[in-house]
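One file, input23.txt, carrying compact mmCIF, C-alpha atoms:
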# COMPACT_ATOMS: atom_id res chain seq x y z
CA MET A 49 95.82 126.73 62.36
CA ASN A 50 95.15 123.48 60.56
CA ASP A 51 95.60 120.98 63.38
CA ILE A 52 92.38 120.15 65.25
CA ARG A 53 94.33 119.28 68.42
CA LYS A 54 95.66 122.83 68.49
CA ALA A 55 92.13 124.16 68.08
CA GLN A 56 91.07 122.16 71.13
CA MET A 57 93.75 123.81 73.23
CA VAL A 58 92.19 127.23 72.69
CA GLY A 59 90.45 129.10 75.48
CA LYS A 60 89.36 132.58 76.38
CA ASN A 61 91.18 134.81 78.83
CA THR A 62 89.42 137.20 81.21
CA ASP A 63 89.28 139.83 78.45
CA ALA A 64 87.37 137.34 76.28
CA VAL A 65 90.32 137.14 73.88
CA LEU A 66 91.05 133.75 72.33
CA VAL A 67 94.36 132.42 73.64
CA GLN A 68 96.36 129.22 73.54
CA ARG A 69 95.68 127.46 76.87
CA PRO A 70 98.77 126.58 78.91
CA LEU A 71 99.59 122.90 79.41
CA SER A 72 100.18 121.75 82.97
CA PRO A 73 103.72 120.45 83.49
CA HIS A 74 104.38 116.73 83.31
CA LEU A 75 104.43 114.57 86.45
CA GLY A 76 108.22 114.40 86.41
CA ILE A 77 108.63 118.06 87.32
CA TYR A 78 106.99 117.79 90.75
CA ARG A 79 108.75 116.90 94.00
CA TRP A 80 107.37 113.67 95.43
CA ALA A 81 104.76 114.24 98.13
CA PRO A 82 102.98 111.59 100.26
CA THR A 83 99.60 112.61 98.79
CA MET A 84 100.97 111.93 95.32
CA LEU A 85 102.17 108.50 96.45
CA ALA A 86 98.74 107.82 98.01
CA SER A 87 96.86 108.62 94.84
CA ILE A 88 99.26 106.73 92.54
CA LEU A 89 99.22 103.68 94.83
CA ASN A 90 95.42 103.67 94.75
CA ARG A 91 95.49 103.41 90.97
CA ALA A 92 98.32 100.85 90.95
CA THR A 93 96.54 98.61 93.47
CA GLY A 94 93.33 98.99 91.45
CA ILE A 95 95.13 97.64 88.38
CA ALA A 96 96.66 94.82 90.46
CA LEU A 97 93.22 93.92 91.82
CA SER A 98 91.86 93.78 88.26
CA ALA A 99 94.36 91.02 87.59
CA GLY A 100 93.46 89.46 90.93
CA ALA A 101 89.79 89.38 89.92
CA LEU A 102 90.77 86.62 87.47
CA LEU A 103 91.67 84.45 90.49
CA LEU A 104 88.21 85.04 91.96
CA VAL A 105 86.57 83.94 88.69
CA TRP A 106 88.82 80.87 88.44
CA TRP A 107 88.06 79.93 92.07
CA LEU A 108 84.27 80.25 91.62
CA VAL A 109 84.24 78.37 88.30
CA ALA A 110 86.37 75.59 89.82
CA ALA A 111 84.04 75.31 92.82
CA ALA A 112 81.10 74.98 90.40
CA THR A 113 82.92 72.43 88.21
CA GLY A 114 83.99 69.75 90.68
CA PRO A 115 86.58 68.46 93.18
CA ASP A 116 89.36 67.97 90.59
CA ALA A 117 89.12 71.49 89.20
CA PHE A 118 88.87 72.86 92.74
CA ASN A 119 91.98 70.98 93.87
CA GLN A 120 93.90 72.53 90.97
CA VAL A 121 93.08 76.01 92.29
CA GLN A 122 93.96 74.98 95.85
CA ASN A 123 97.30 73.55 94.70
CA PHE A 124 98.09 76.71 92.75
CA ALA A 125 97.13 78.88 95.75
CA ARG A 126 99.52 76.85 97.96
CA SER A 127 102.43 77.04 95.52
CA PRO A 128 105.11 79.71 96.13
CA ILE A 129 103.87 81.78 93.16
CA GLY A 130 100.27 81.36 94.32
CA LEU A 131 101.10 82.44 97.86
CA LEU A 132 103.05 85.45 96.58
CA MET A 133 100.11 86.45 94.36
CA LEU A 134 97.68 86.05 97.25
CA LEU A 135 99.93 88.16 99.49
CA GLY A 136 100.05 90.90 96.85
CA TRP A 137 96.31 90.56 96.35
CA THR A 138 95.60 90.93 100.10
CA ALA A 139 97.87 93.96 100.47
CA SER A 140 96.44 95.59 97.31
CA LEU A 141 92.90 94.89 98.51
CA PHE A 142 93.49 96.54 101.88
CA TYR A 143 95.36 99.50 100.41
CA HIS A 144 92.61 100.07 97.83
CA LEU A 145 89.99 99.69 100.59
CA PHE A 146 91.56 102.18 103.03
CA GLY A 147 92.90 104.47 100.30
CA GLY A 148 89.50 104.31 98.59
CA LEU A 149 87.72 105.33 101.80
CA ARG A 150 90.15 108.25 102.00
CA HIS A 151 89.31 109.20 98.41
CA LEU A 152 85.59 109.11 99.30
CA ALA A 153 86.31 111.46 102.23
CA TRP A 154 88.31 113.72 99.88
CA ASP A 155 85.37 113.72 97.45
CA MET A 156 83.18 115.12 100.23
CA GLY A 157 85.73 117.80 100.98
CA HIS A 158 87.11 116.25 104.17
CA GLY A 159 90.69 115.44 105.05
CA PHE A 160 92.49 118.33 103.40
CA ALA A 161 93.69 119.99 106.63
CA LYS A 162 97.40 120.66 106.26
CA PRO A 163 98.64 119.02 109.52
CA SER A 164 96.93 115.69 108.75
CA LEU A 165 97.08 115.56 104.95
CA ASN A 166 100.54 114.02 104.58
CA PRO A 167 100.61 111.93 107.80
CA MET A 168 97.29 110.30 106.81
CA THR A 169 99.08 108.62 103.89
CA PHE A 170 101.29 106.79 106.36
CA VAL A 171 98.25 105.94 108.51
CA VAL A 172 96.65 104.30 105.44
CA LEU A 173 99.91 102.45 104.67
CA GLY A 174 100.13 101.35 108.32
CA LEU A 175 96.53 100.13 108.35
CA THR A 176 97.22 98.19 105.13
CA PHE A 177 100.27 96.55 106.71
CA ILE A 178 98.42 95.68 109.94
CA ALA A 179 95.31 94.32 108.16
CA THR A 180 97.43 92.23 105.76
CA LEU A 181 99.49 90.89 108.67
CA LEU A 182 96.36 90.04 110.70
CA VAL A 183 94.74 88.18 107.80
CA TRP A 184 97.86 86.10 107.11
CA LEU A 185 98.37 85.45 110.82
CA ALA A 186 94.75 84.28 111.13
CA ALA A 187 95.20 82.11 108.04
CA TYR A 188 98.42 80.60 109.44
CA ILE A 189 96.80 79.84 112.80
CA ARG A 190 93.75 78.23 111.12
CA ILE A 191 95.86 76.06 108.83
CA GLU A 192 98.16 74.95 111.66
CA SER A 193 95.37 74.03 114.08
CA MET B 160 107.15 127.17 70.68
CA ALA B 161 108.40 130.32 72.35
CA VAL B 162 108.06 130.37 76.11
CA SER B 163 106.43 133.49 77.49
CA ASN B 164 104.31 134.41 80.44
CA LYS B 165 101.72 136.00 78.25
CA ALA B 166 99.45 133.55 76.46
CA GLU B 167 99.87 133.65 72.72
CA LYS B 168 97.03 135.50 71.01
CA ILE B 169 95.53 133.51 68.20
CA ASP B 170 92.96 133.77 65.49
CA ILE B 171 90.60 130.86 65.03
CA MET B 172 87.81 130.08 62.59
CA ARG B 173 85.85 127.71 64.77
CA SER B 174 82.53 128.04 66.60
CA GLN B 175 82.34 127.62 70.36
CA LEU B 176 80.10 124.56 69.83
CA GLY B 177 82.57 123.03 67.40
CA ARG B 178 85.35 123.41 69.93
CA VAL B 179 83.60 121.52 72.74
CA ARG B 180 81.99 118.79 70.63
CA GLY B 181 83.40 115.35 71.31
CA LEU B 182 85.16 116.45 74.48
CA GLY B 183 82.55 115.12 76.88
CA SER B 184 78.92 115.13 77.79
CA ALA B 185 76.98 118.26 78.63
CA LYS B 186 74.34 116.37 80.58
CA SER B 187 75.70 113.14 82.05
CA GLY B 188 79.33 114.05 82.60
CA ALA B 189 79.27 113.17 86.30
CA HIS B 190 77.55 109.82 85.78
CA HIS B 191 80.76 107.79 85.34
CA TRP B 192 82.37 109.47 88.35
CA LYS B 193 79.27 108.93 90.48
CA VAL B 194 78.79 105.24 89.62
CA GLU B 195 82.48 104.63 90.37
CA ARG B 196 81.87 105.99 93.89
CA VAL B 197 78.56 104.18 94.41
CA THR B 198 80.12 100.83 93.47
CA ALA B 199 83.09 101.65 95.73
CA ILE B 200 80.77 102.22 98.70
CA ALA B 201 78.97 98.92 97.99
CA LEU B 202 82.30 97.10 97.76
CA VAL B 203 83.42 98.18 101.26
CA PRO B 204 81.09 95.84 103.24
CA LEU B 205 81.09 93.19 100.49
CA THR B 206 84.90 92.98 100.51
CA VAL B 207 85.10 92.76 104.30
CA TRP B 208 82.45 89.98 104.25
CA PHE B 209 84.32 88.11 101.51
CA VAL B 210 87.72 88.26 103.23
CA ILE B 211 86.20 87.00 106.51
CA SER B 212 84.32 84.25 104.65
CA VAL B 213 87.46 83.05 102.89
CA LEU B 214 89.38 83.06 106.19
CA THR B 215 86.74 80.96 107.96
CA HIS B 216 86.71 78.44 105.07
CA LEU B 217 90.49 78.05 104.64
CA GLY B 218 91.42 74.51 103.70
CA ALA B 219 87.79 73.53 103.07
CA ASP B 220 87.21 71.01 100.29
CA GLN B 221 85.09 71.52 97.17
CA PRO B 222 81.77 70.16 98.61
CA ALA B 223 82.09 72.47 101.62
CA ILE B 224 82.81 75.54 99.47
CA ALA B 225 80.04 74.58 97.02
CA ALA B 226 77.56 74.26 99.90
CA TRP B 227 78.68 77.60 101.37
CA ALA B 228 78.48 79.46 98.04
CA GLY B 229 75.19 77.77 97.17
CA SER B 230 73.21 78.96 100.19
CA PRO B 231 70.77 81.72 99.14
CA LEU B 232 72.29 84.49 101.28
CA ASN B 233 75.91 83.72 100.35
CA ALA B 234 75.02 83.28 96.67
CA ALA B 235 73.23 86.65 96.63
CA LEU B 236 76.17 88.37 98.36
CA LEU B 237 78.62 86.69 95.95
CA LEU B 238 76.54 87.87 92.97
CA ALA B 239 76.51 91.41 94.42
CA LEU B 240 80.28 91.20 94.92
CA ILE B 241 80.79 90.03 91.32
CA VAL B 242 78.54 92.73 89.79
CA MET B 243 80.05 95.54 91.87
CA THR B 244 83.64 94.34 91.40
CA PHE B 245 83.50 94.07 87.61
CA HIS B 246 81.44 97.24 87.20
CA HIS B 247 83.89 99.21 89.38
CA MET B 248 86.84 97.55 87.61
CA GLN B 249 85.78 98.49 84.08
CA LEU B 250 85.02 102.07 85.18
CA GLY B 251 88.42 102.36 86.85
CA LEU B 252 90.41 100.80 84.00
CA GLN B 253 88.58 103.04 81.53
CA VAL B 254 90.00 106.11 83.30
CA VAL B 255 93.49 104.59 83.22
CA TRP B 256 93.28 104.07 79.44
CA GLU B 257 91.81 107.56 78.99
CA ASP B 258 94.78 109.03 80.86
CA TYR B 259 97.58 107.12 79.14
CA ILE B 260 96.47 106.13 75.63
CA HIS B 261 96.57 109.23 73.44
CA VAL B 262 95.67 107.74 70.07
CA ILE B 263 91.88 107.90 69.99
CA ARG B 264 91.37 104.70 68.00
CA ARG B 265 93.62 102.65 70.28
CA ARG B 266 92.07 104.20 73.39
CA GLU B 267 88.53 103.40 72.27
CA ALA B 268 89.60 99.86 71.33
CA ALA B 269 91.18 99.34 74.77
CA ILE B 270 88.07 100.65 76.54
CA LEU B 271 85.74 98.46 74.48
CA ALA B 272 87.94 95.39 75.02
CA THR B 273 88.06 96.08 78.77
CA LYS B 274 84.29 96.48 79.03
CA GLY B 275 83.72 93.31 77.00
CA ALA B 276 86.20 91.29 79.06
CA CYS B 277 84.73 92.55 82.36
CA LEU B 278 81.20 91.73 81.21
CA LEU B 279 82.20 88.21 80.14
CA LEU B 280 84.27 87.49 83.26
CA GLY B 281 81.46 88.76 85.47
CA LEU B 282 78.91 86.61 83.62
CA VAL B 283 81.10 83.51 83.92
CA ALA B 284 81.54 84.07 87.66
CA ALA B 285 77.82 84.77 88.10
CA VAL B 286 76.81 81.61 86.19
CA ALA B 287 79.18 79.59 88.43
CA VAL B 288 77.51 80.98 91.56
CA LEU B 289 74.01 80.45 90.12
CA LYS B 290 74.90 76.85 89.28
CA LEU B 291 76.00 76.26 92.88
CA ALA B 292 72.86 77.97 94.17
CA VAL B 293 70.56 75.84 92.02
CA LEU B 294 72.38 72.57 92.73
CA ALA B 295 72.65 73.21 96.49
CA HIS B 296 70.64 70.80 98.63
Re-express the file's structure as structure tokens.
Amino acid sequence: MNDIRKAQMVGKNTDAVLVQRPLSPHLGIYRWAPTMLASILNRATGIALSAGALLLVWWLVAAATGPDAFNQVQNFARSPIGLLMLLGWTASLFYHLFGGLRHLAWDMGHGFAKPSLNPMTFVVLGLTFIATLLVWLAAYIRIES
Amino acid sequence: MAVSNKAEKIDIMRSQLGRVRGLGSAKSGAHHWKVERVTAIALVPLTVWFVISVLTHLGADQPAIAAWAGSPLNAALLLALIVMTFHHMQLGLQVVWEDYIHVIRRREAAILATKGACLLLGLVAAVAVLKLAVLAH
């Protein structure tokens, strides 16, 4: 054995004999399950929110710079691309919030009961949809009035 | 490699210590995991506050936003939001790179770049809030 990566894949079996540890199969071999979707979406929305954090920085810097810089942000936010980004940002934020709370519950050992494990994914998705809808409805009503 | 149910028996000239070295910490292994959760808990109320604040200030002009962000309570909450967001973000992205980038040098470079970018972005946002807080009447 002259490859260090091979040496790192060595473990001991119950008879204390050195053996090559098995590799878990790749993602592609599993049937899709709602819990898998829930976990992957949490990571995907986390990455999306990282990009969205740039908007937060831009907004704060513009507010601290002056009216012209601030108007630029406002104009971008009202453009079709800006609105689409804000919609994605809101939905990602709420999914990551509700999904994250679920992960915290999982970390404490709660929420693994078989009857509720899969349906809870759709509850989180539903809550995300409702919260996103409510925020955009409230925004629409405020802008119109 | 032949596929068999029985694990392949192998001979290895390597100490147990040598095999685990570089694979992770023996004393602070849970620290990253824990801080990720602590920042997540802090972000729950901060995020809800921020979304409500933005909604109530929709369409407001720059002086109104500057006055809102510059008040001591709002500035403090914004600073907390910035610190927690960027700390949580660099911890989370680090795990993503660790999972998907298999070349150690590239992985470490990506992690360092992420941490540096998060630190700088957080500082820029924090300085903006501090400026508004100091200039607020």
Residue neighbourhood Ile211 in chain B, 12 Å, only C-alpha atoms, exclusion window fewer than 2 positions, as a tab-separated table (two decimals) with C-alpha atoms, in the coordinates of the input:
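Contents of the output file result.tsv:
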chain	number	residue	atom	x	y	z
A	179	ALA	CA	95.31	94.32	108.16
A	182	LEU	CA	96.36	90.04	110.70
A	183	VAL	CA	94.74	88.18	107.80
A	184	TRP	CA	97.86	86.10	107.11
A	186	ALA	CA	94.75	84.28	111.13
A	187	ALA	CA	95.20	82.11	108.04
B	204	PRO	CA	81.09	95.84	103.24
B	205	LEU	CA	81.09	93.19	100.49
B	206	THR	CA	84.90	92.98	100.51
B	207	VAL	CA	85.10	92.76	104.30
B	208	TRP	CA	82.45	89.98	104.25
B	209	PHE	CA	84.32	88.11	101.51
B	213	VAL	CA	87.46	83.05	102.89
B	214	LEU	CA	89.38	83.06	106.19
B	215	THR	CA	86.74	80.96	107.96
B	216	HIS	CA	86.71	78.44	105.07
B	217	LEU	CA	90.49	78.05	104.64
Give me, as CSV, the closest atom pair and its distance (Å, one decimal) for every residue of chain B within a cut-off of 8 Å of chain A, counting all atoms listed in the file, rows sorted by chain and rising number.
residue,atom,partner,partner_atom,distance
B:Ala166,CA,A:Val67,CA,5.9
B:Glu167,CA,A:Gln68,CA,5.7
B:Lys168,CA,A:Val67,CA,4.9
B:Ile169,CA,A:Val67,CA,5.7
B:Asp170,CA,A:Leu66,CA,7.1
B:Ile171,CA,A:Met49,CA,7.2
B:Arg173,CA,A:Ala55,CA,7.9
B:Arg178,CA,A:Gln56,CA,6.0
B:Val179,CA,A:Gln56,CA,7.7
B:Arg196,CA,A:Leu152,CA,7.3
B:Ala199,CA,A:Gly148,CA,7.5
B:Val203,CA,A:Leu145,CA,6.8
B:Leu214,CA,A:Ala187,CA,6.2
B:Leu217,CA,A:Ala187,CA,7.1
B:Gly218,CA,A:Ile191,CA,7.0
B:Asp220,CA,A:Pro115,CA,7.6
B:Gln221,CA,A:Pro115,CA,5.2
B:Pro222,CA,A:Pro115,CA,7.5
B:Ile224,CA,A:Ala111,CA,6.8
B:Ala225,CA,A:Ala111,CA,5.8
B:Met248,CA,A:Ser98,CA,6.3
B:Gly251,CA,A:Gly94,CA,7.5
B:Leu252,CA,A:Ile95,CA,7.2
B:Leu280,CA,A:Val105,CA,6.9
B:Gly281,CA,A:Val105,CA,7.7
B:Val283,CA,A:Val105,CA,7.3
B:Ala284,CA,A:Val105,CA,5.1
B:Ala287,CA,A:Val109,CA,5.2
B:Val288,CA,A:Leu108,CA,6.8
B:Lys290,CA,A:Ala112,CA,6.6
B:Leu291,CA,A:Ala112,CA,5.8
When you look at Glu195 in chain B with a cut-off of 7 Å (counting only C-alpha atoms), what residues show up, excluding the ones that are within fewer than 3 positions of it in the same chain? I need them as a PyMOL selection string. chain B and resi 191-192+198-199+247+250
Restricting it to C-alpha atoms, dump the selection as a PDB file, in the frame of the given file.
ATOM      1  CA  HIS B 191      80.760 107.790  85.340  1.00  0.00           C
ATOM      2  CA  TRP B 192      82.370 109.470  88.350  1.00  0.00           C
ATOM      3  CA  THR B 198      80.120 100.830  93.470  1.00  0.00           C
ATOM      4  CA  ALA B 199      83.090 101.650  95.730  1.00  0.00           C
ATOM      5  CA  HIS B 247      83.890  99.210  89.380  1.00  0.00           C
ATOM      6  CA  LEU B 250      85.020 102.070  85.180  1.00  0.00           C
TER       7      LEU B 250
END
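What separates CA of Thr244 in chain B from CA of Pro82 in chain A is a distance of 27.4 Å.
The residue that comes closest to Ala234 in chain B, out of B:Val255, B:Ala285, B:Met172, B:Ala272 and on the basis of only C-alpha atoms, is B:Ala285.
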Quick one, how far is CA of Met168 in chain A from CA of Leu89 in chain A?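 Distance between the two atoms: 13.8 Å.
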Å distance separating CA of Val286 in chain B from CA of Gly229 in chain B, one decimal place: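 If I compute the distance from CA of Val286 in chain B to CA of Gly229 in chain B, I get 11.7 Å.
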Test item: residues at most 12 Å from range 264-271 of chain B, only C-alpha atoms, excluding those fewer than 2 positions along its chain, as an MDAnalysis selection string: chainID B and resid 248:262 273:278
Of the listed residues A:Ser72, A:Thr93, A:Ser87, A:Pro167, that which approaches Ser140 in chain A most closely, counting only C-alpha atoms: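 Of all the options, A:Thr93 lies closest to Ser140 in chain A.
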Axis-aligned box for range 205-213 of chain B, 6 Å per side, centre and edges in Å as JSON:
{"center_x": 84.4, "center_y": 88.1, "center_z": 103.5, "size_x": 18.6, "size_y": 22.1, "size_z": 18.0}
Could you pull the residues within 10 Å of range 161-166 of chain A, counting only C-alpha atoms, minus those fewer than 6 positions along the same chain, as a list in words? Ala81, Pro82, Thr83, Met84, Leu85 and Ala86 of chain A
